[in-house]
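Novice: One structure follows; several queries about it will come next.
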Amino acid sequence: MELKILDLSFSYNSAKTLDGIVLNIKEREILCIIGPNGSGKTTLLKCMNKKLKPTTGTVLINDINILQMARKEVAKNIGVVPQVSTVSFPFTVHDLVMMGRYSHKGRFDTENENDRAVVYQCLARTGIAHMADRLITEISGGEYQKAIIARALAQQPEILLLDEVTLHLDINHQIEILELVKALSEENNLAIVMVLHDLSLAARYSTKTIMLQKGRIFAYGRPEDVISIENIRDIYDIEIEIGRSSKGNYLNVIPLSIINTEK
Amino acid sequence: MKKKLFLIFLGLGLLLTLLTTLTIGPVWINVLTVVKILCSVIIDISRTWPDNFQDIILNVRLPRILLGILVGCALSVSGCSMQALFRNPMASPYVCGVASGGAFGASLVIVLNASQSFIMPVAFFFSLLTIFVVYYVAKTGSKVSSETLLLSGIALSLFFSAATSFLQYLAEEGELRQIIFWLMGGFWASSWSKVKIVIPVILSGTICLLFFYKELNILLLGEEQAQDVGVNVEKTRKIILVLAALVTAGAVAACGVIGFVGLIIPHIMRIFVGPDHRILLPASCLCGSIFLVWIDTFARTLISPTELPVGIITAMIGVPFFLLLLRKRKKLSGF
């Protein structure tokens, strides 16, 4: 499995939101997209699964242009976990995850044994099998996020896109979700692309990091190379200190102060 | 399983409704005779009932009740689909101006003193014309935004209401009364010929809509998530909208403007069976049919020999009941 992005540009109106993006990601890799608000992170994710059509450039999944794939075909290859949204309709967790089977079903197909087995596996894998019959309006934010991940897994995709999945979650749930994502990339051979705001978590969980500034790639590589004092200063206009944990040698980003720049 | 039982229960309810309401009218005919008369159409049964009974059941009450079943089903199923499609609890079958367009068409025929048989096709034509105009206005590129669709629908409704008012202003005494009756909606002019015109439109439209339950469920989670799991949102929206409008246009052409049913029945069913359209759509169809047939039975018997407009009774009985349910079990509906 390989996802390739070749010279991709996108503009909503005249100003370019994305410009000259080139990257590729393979199975078992976790690509983290970081960058300030408005740098094009979410737009890039949306271009990856055909929600937005790039102005120029192409997105290839296993060398097939994504624009030539039907919506259902895209969904079979790419699962998406969006930012936590408000839930108002009282579907059960099971029903929500079953919606992930949509792309595998024809118009007149009803859910069969295989679908139920897949859904159960996904529920079990995300640790929410015991609440299959609970209503999604009555579970916590972390549990809902897991249900959405289970739904994305039920699509049986090769690529998983996650957009700030840890937003609004407490630290325990943040780590639980990210550990799950990491385990999934290894066990299910998934390629993972996620947008994260927390630099320490990005450094901790990604195998590759890409740093965006105004729609362009500012830095791309191993997290410890990308997340450097100089880069952060240039991109976010803040001074930071980078420490290293004694266990596992992970980066620890500590913000110090804002730099006043008169540009 | 419990929910499937609920559907079976509603199905039996509809059958019971059909048989019971056939007996009710200025002349009371007992159930056994009704069943015999119905069977005599298919198999040979020796006649033990007066000839006029045969006529009352088969040519007066049966087409009227069948029309009630079809229209109740049409309004409920399109209301239910539109509410999910727009993710808006206020959406109703008339939201795209279908009813106002149809009403204008019918009024036009009445004012022009054309033959009564033109009312239905002309109403149907204007209903569909309205949808296409609304859709064309709301469409930018290949995208159709639901807000623009709702707004342009409301705007066009207002336009056609004004046009209908203008026709009323021009109309003479007799015509005016006819227009007002049409606007209030009712089944007094039911006939087999009407049933025959309406059946293919409503039945085929309803059946097609029933097969969109997966998409409607997923659309409730929002456009973005629907795309994520593989729904072609633009295409699906277009198809559902056209189907719902077609079915509504059929209902409006048959019996005028009957409010309330398409808005409220889906909400009541949502309170009972939840938001899953696999159950919700057929439940709404059945419940809408039962409801409208009984309301029409009241309408034609309550102050017999004259009748009340159906719309008045639907609102008077339905609204208090709905408000009660809404207060008690709001969170179950999801809206």
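Lettering and numbering for the structure tokens are positional, with chains as A, B, ... in the shown order, residues counted from 1 in each chain, and ligands counted from 1 in the shown order.
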Apply DSSP to the structure's backbone, then extract all residues of range 42-259 of chain A labelled strand (DSSP E or B) and return them as a PyMOL selection string.
Specialist: chain A and resi 56-61+64-65+78-81+92+135+159-163+191-195+208-213+216-221+238-244+251-258
Novice: Wanna dump the chain B-chain A contacts at 10 Å for me, each residue with its shortest atom pair and the distance in Å to one decimal, counting only C-alpha atoms, ordered by chain and number, as JSON lines?
Specialist:
```
{"residue": "B:Phe211", "atom": "CA", "partner": "A:Phe108", "partner_atom": "CA", "distance": 7.1}
{"residue": "B:Phe212", "atom": "CA", "partner": "A:Arg107", "partner_atom": "CA", "distance": 7.9}
{"residue": "B:Tyr213", "atom": "CA", "partner": "A:Arg107", "partner_atom": "CA", "distance": 9.8}
{"residue": "B:Lys214", "atom": "CA", "partner": "A:Tyr102", "partner_atom": "CA", "distance": 7.5}
{"residue": "B:Glu215", "atom": "CA", "partner": "A:Tyr102", "partner_atom": "CA", "distance": 8.6}
{"residue": "B:Asn217", "atom": "CA", "partner": "A:Met99", "partner_atom": "CA", "distance": 8.3}
{"residue": "B:Ile218", "atom": "CA", "partner": "A:Met99", "partner_atom": "CA", "distance": 6.8}
{"residue": "B:Leu220", "atom": "CA", "partner": "A:Phe89", "partner_atom": "CA", "distance": 7.4}
{"residue": "B:Leu221", "atom": "CA", "partner": "A:Val87", "partner_atom": "CA", "distance": 7.6}
{"residue": "B:Gly222", "atom": "CA", "partner": "A:Ser85", "partner_atom": "CA", "distance": 9.6}
{"residue": "B:Glu224", "atom": "CA", "partner": "A:Lys51", "partner_atom": "CA", "distance": 8.2}
{"residue": "B:Gln225", "atom": "CA", "partner": "A:Pro82", "partner_atom": "CA", "distance": 7.6}
{"residue": "B:Ala226", "atom": "CA", "partner": "A:Met99", "partner_atom": "CA", "distance": 9.2}
{"residue": "B:Gln227", "atom": "CA", "partner": "A:Arg71", "partner_atom": "CA", "distance": 7.3}
{"residue": "B:Asp228", "atom": "CA", "partner": "A:Val80", "partner_atom": "CA", "distance": 5.8}
{"residue": "B:Val229", "atom": "CA", "partner": "A:Ala75", "partner_atom": "CA", "distance": 5.5}
{"residue": "B:Gly230", "atom": "CA", "partner": "A:Lys72", "partner_atom": "CA", "distance": 4.3}
{"residue": "B:Val231", "atom": "CA", "partner": "A:Arg71", "partner_atom": "CA", "distance": 6.5}
{"residue": "B:Asn232", "atom": "CA", "partner": "A:Arg71", "partner_atom": "CA", "distance": 5.8}
{"residue": "B:Val233", "atom": "CA", "partner": "A:Arg71", "partner_atom": "CA", "distance": 9.2}
{"residue": "B:Gly274", "atom": "CA", "partner": "A:Pro90", "partner_atom": "CA", "distance": 6.9}
{"residue": "B:Pro275", "atom": "CA", "partner": "A:Phe91", "partner_atom": "CA", "distance": 6.6}
{"residue": "B:Asp276", "atom": "CA", "partner": "A:Phe91", "partner_atom": "CA", "distance": 7.1}
{"residue": "B:Lys331", "atom": "CA", "partner": "A:Pro90", "partner_atom": "CA", "distance": 8.2}
{"residue": "B:Leu332", "atom": "CA", "partner": "A:Pro90", "partner_atom": "CA", "distance": 6.7}
{"residue": "B:Ser333", "atom": "CA", "partner": "A:Phe89", "partner_atom": "CA", "distance": 7.4}
{"residue": "B:Gly334", "atom": "CA", "partner": "A:Phe89", "partner_atom": "CA", "distance": 4.4}
{"residue": "B:Phe335", "atom": "CA", "partner": "A:Ser88", "partner_atom": "CA", "distance": 6.9}
```
Novice: Between B:Ala189, B:Val35, B:Leu18, B:Ile110, which is the closest to Phe291 in chain B once you count only C-alpha atoms?
Specialist: B:Leu18
Novice: For the atom pair CA of Val22 in chain A and CA of Ser200 in chain A, what is the interatomic distance in Å to one decimal place?
Specialist: 24.5 Å
Novice: Give me, as a PyMOL selection string, all polymer residues having an atom no more than 12 Å from Arg204 in chain A, counting only C-alpha atoms and skipping those fewer than 6 positions away in the same chain.
Specialist: chain A and resi 30-32+175+178-179+182+196+198+222-224+227+244-245+247-253
Novice: Atoms to include: C-alpha atoms. Write the selected residues as an mmCIF file, in the first residue's frame.
Specialist:
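Contents of again-v4.cif, as written:
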```
data_model
loop_
_atom_site.group_PDB
_atom_site.id
_atom_site.type_symbol
_atom_site.label_atom_id
_atom_site.label_comp_id
_atom_site.auth_asym_id
_atom_site.auth_seq_id
_atom_site.Cartn_x
_atom_site.Cartn_y
_atom_site.Cartn_z
ATOM 1 C CA ILE A 30 2.332 7.348 11.048
ATOM 2 C CA LEU A 31 2.534 10.743 9.415
ATOM 3 C CA CYS A 32 1.814 13.714 11.622
ATOM 4 C CA ILE A 175 -2.997 8.674 25.216
ATOM 5 C CA LEU A 178 -3.073 7.538 20.257
ATOM 6 C CA GLU A 179 -1.826 4.202 21.619
ATOM 7 C CA LYS A 182 -0.233 3.249 16.914
ATOM 8 C CA LEU A 196 -2.162 17.053 15.837
ATOM 9 C CA ASP A 198 0.221 19.016 20.582
ATOM 10 C CA ARG A 222 11.794 12.453 11.319
ATOM 11 C CA PRO A 223 9.919 14.156 14.163
ATOM 12 C CA GLU A 224 13.091 14.958 16.114
ATOM 13 C CA ILE A 227 10.349 19.734 15.694
ATOM 14 C CA ARG A 244 14.230 14.634 26.352
ATOM 15 C CA SER A 245 12.486 12.141 28.567
ATOM 16 C CA LYS A 247 12.496 6.811 29.325
ATOM 17 C CA GLY A 248 12.510 6.119 25.582
ATOM 18 C CA ASN A 249 14.238 9.333 24.627
ATOM 19 C CA TYR A 250 11.097 11.186 23.556
ATOM 20 C CA LEU A 251 10.940 14.906 22.856
ATOM 21 C CA ASN A 252 9.282 17.176 25.342
ATOM 22 C CA VAL A 253 8.316 20.582 24.009
#
```
Novice: With distances taken over only C-alpha atoms, which residue among A:Ile136, A:Ile217, A:Glu143, A:Tyr236 lies nearest Leu8 in chain A?
Specialist: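 Of the candidates, the smallest distance to Leu8 in chain A is held by A:Ile217.
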Novice: Please report, as a VMD selection string, each residue of range 39-268 of chain B to which DSSP assigns helix (DSSP H, G or I) when run on this structure's backbone.
Specialist: chain B and resid 39 to 42 51 to 86 98 to 111 116 to 138 146 to 170 173 to 184 192 to 210 213 to 219 223 to 228 233 to 255 261 to 268
Novice: Pick the closest to Leu38 in chain B from B:Ile56, B:Ala163, B:Val293, B:Cys73: which is it, counting only C-alpha atoms?
Specialist: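 The shortest atom-to-atom distance to Leu38 in chain B comes from B:Ile56.
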Novice: Identify, on the basis of only C-alpha atoms, every residue whose closest approach to Val137 in chain B does not exceed 9 Å; exclude the query and any residue fewer than 6 positions from it along the same chain; express the result as a ChimeraX atom specification.
Specialist: /B:148-149,152
Novice: Could you pull the residues within 12 Å of Ala219 in chain A, counting only C-alpha atoms, minus those fewer than 2 positions along the same chain, as a count of residues only?
Specialist: 29
Novice: Could you state the separation of CA of Val319 in chain B and CA of Val257 in chain B in Å, given to one decimal place?
Specialist: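 Distance between the two atoms: 17.2 Å.
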Novice: Quick check, in Å to one decimal: how far apart do CA of Leu6 in chain A and CA of Val181 in chain A lie?
Specialist: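 That distance, rounded to one decimal, is 25.9 Å.
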Novice: Measuring between only C-alpha atoms, which one of B:Asn88, B:Leu22, B:His267, B:Val144 shows the shortest distance to Thr236 in chain B?
Specialist: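 Selected residue with least distance to Thr236 in chain B: B:Val144.
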Novice: List the spatial neighbours of Ile290 in chain B as a ChimeraX atom specification - criterion: any atom at most 8 Å away, only C-alpha atoms, same-chain residues fewer than 3 positions off excluded.
Specialist: /B:13-14,17,69,72,286-287,293-294
Novice: Once you have the residues from the selection above, write them out as a PDB file, in the first residue's frame, restricted to N, CA and C atoms.
Specialist:
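Contents of the output file result.pdb:
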```
ATOM      1  N   GLY B  13     -52.912  -2.708  12.133  1.00  0.00           N
ATOM      2  CA  GLY B  13     -53.712  -1.519  12.434  1.00  0.00           C
ATOM      3  C   GLY B  13     -54.312  -0.936  11.165  1.00  0.00           C
ATOM      4  N   LEU B  14     -53.515  -0.903  10.107  1.00  0.00           N
ATOM      5  CA  LEU B  14     -53.984  -0.335   8.843  1.00  0.00           C
ATOM      6  C   LEU B  14     -55.101  -1.189   8.244  1.00  0.00           C
ATOM      7  N   THR B  17     -58.131  -0.638  10.222  1.00  0.00           N
ATOM      8  CA  THR B  17     -58.650   0.686   9.888  1.00  0.00           C
ATOM      9  C   THR B  17     -59.474   0.634   8.613  1.00  0.00           C
ATOM     10  N   ILE B  69     -55.258   6.424   2.292  1.00  0.00           N
ATOM     11  CA  ILE B  69     -54.080   5.613   2.619  1.00  0.00           C
ATOM     12  C   ILE B  69     -52.879   6.088   1.799  1.00  0.00           C
ATOM     13  N   GLY B  72     -51.804   9.745   2.848  1.00  0.00           N
ATOM     14  CA  GLY B  72     -51.199   9.738   4.182  1.00  0.00           C
ATOM     15  C   GLY B  72     -49.787   9.170   4.128  1.00  0.00           C
ATOM     16  N   LEU B 286     -47.073   3.774   7.340  1.00  0.00           N
ATOM     17  CA  LEU B 286     -48.250   3.093   7.893  1.00  0.00           C
ATOM     18  C   LEU B 286     -49.032   4.014   8.809  1.00  0.00           C
ATOM     19  N   CYS B 287     -48.315   4.700   9.696  1.00  0.00           N
ATOM     20  CA  CYS B 287     -48.984   5.558  10.673  1.00  0.00           C
ATOM     21  C   CYS B 287     -49.677   6.720   9.965  1.00  0.00           C
ATOM     22  N   VAL B 293     -56.735   8.284   7.247  1.00  0.00           N
ATOM     23  CA  VAL B 293     -58.004   7.620   6.973  1.00  0.00           C
ATOM     24  C   VAL B 293     -59.008   7.872   8.096  1.00  0.00           C
ATOM     25  N   TRP B 294     -58.532   7.777   9.331  1.00  0.00           N
ATOM     26  CA  TRP B 294     -59.444   8.030  10.461  1.00  0.00           C
ATOM     27  C   TRP B 294     -59.892   9.482  10.492  1.00  0.00           C
TER      28      TRP B 294
END
```
Novice: Can you pull out every residue within 7 Å of Ile265 in chain B, counting only C-alpha atoms, but drop anything in the same chain fewer than 2 positions away, and send it as a PyMOL selection string?
Specialist: chain B and resi 76+261-263+267-269+284+288
Novice: Given the selection you just returned, output its residues as a file containing N, CA and C atoms, formatted as a JSON list (two decimals), in the first residue's frame.
Specialist:
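File produced: part-v8.json:
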```json
[["chain", "number", "residue", "atom", "x", "y", "z"],
["B", 76, "SER", "N", -46.28, 11.42, 4.71],
["B", 76, "SER", "CA", -45.41, 11.03, 5.82],
["B", 76, "SER", "C", -44.02, 10.61, 5.34],
["B", 261, "VAL", "N", -49.78, 16.41, 8.55],
["B", 261, "VAL", "CA", -49.44, 14.98, 8.49],
["B", 261, "VAL", "C", -47.95, 14.78, 8.20],
["B", 262, "GLY", "N", -47.47, 15.44, 7.14],
["B", 262, "GLY", "CA", -46.09, 15.23, 6.73],
["B", 262, "GLY", "C", -45.08, 15.79, 7.70],
["B", 263, "LEU", "N", -45.50, 16.76, 8.48],
["B", 263, "LEU", "CA", -44.58, 17.36, 9.45],
["B", 263, "LEU", "C", -44.54, 16.55, 10.75],
["B", 267, "HIS", "N", -42.28, 12.82, 13.21],
["B", 267, "HIS", "CA", -41.77, 13.12, 14.55],
["B", 267, "HIS", "C", -42.34, 12.17, 15.60],
["B", 268, "ILE", "N", -43.62, 11.89, 15.47],
["B", 268, "ILE", "CA", -44.25, 10.97, 16.43],
["B", 268, "ILE", "C", -43.60, 9.59, 16.31],
["B", 269, "MET", "N", -43.38, 9.14, 15.09],
["B", 269, "MET", "CA", -42.77, 7.82, 14.89],
["B", 269, "MET", "C", -41.33, 7.80, 15.41],
["B", 284, "SER", "N", -43.57, 5.39, 9.44],
["B", 284, "SER", "CA", -44.21, 6.66, 9.11],
["B", 284, "SER", "C", -45.28, 6.46, 8.03],
["B", 288, "GLY", "N", -49.02, 7.28, 8.96],
["B", 288, "GLY", "CA", -49.62, 8.39, 8.20],
["B", 288, "GLY", "C", -50.92, 7.95, 7.54]]
```
Novice: Using only C-alpha atoms, find the one residue out of B:Ser193, B:Thr33, B:Ser100, B:Ser127 that sits nearest to Ala155 in chain B.
Specialist: B:Ser100
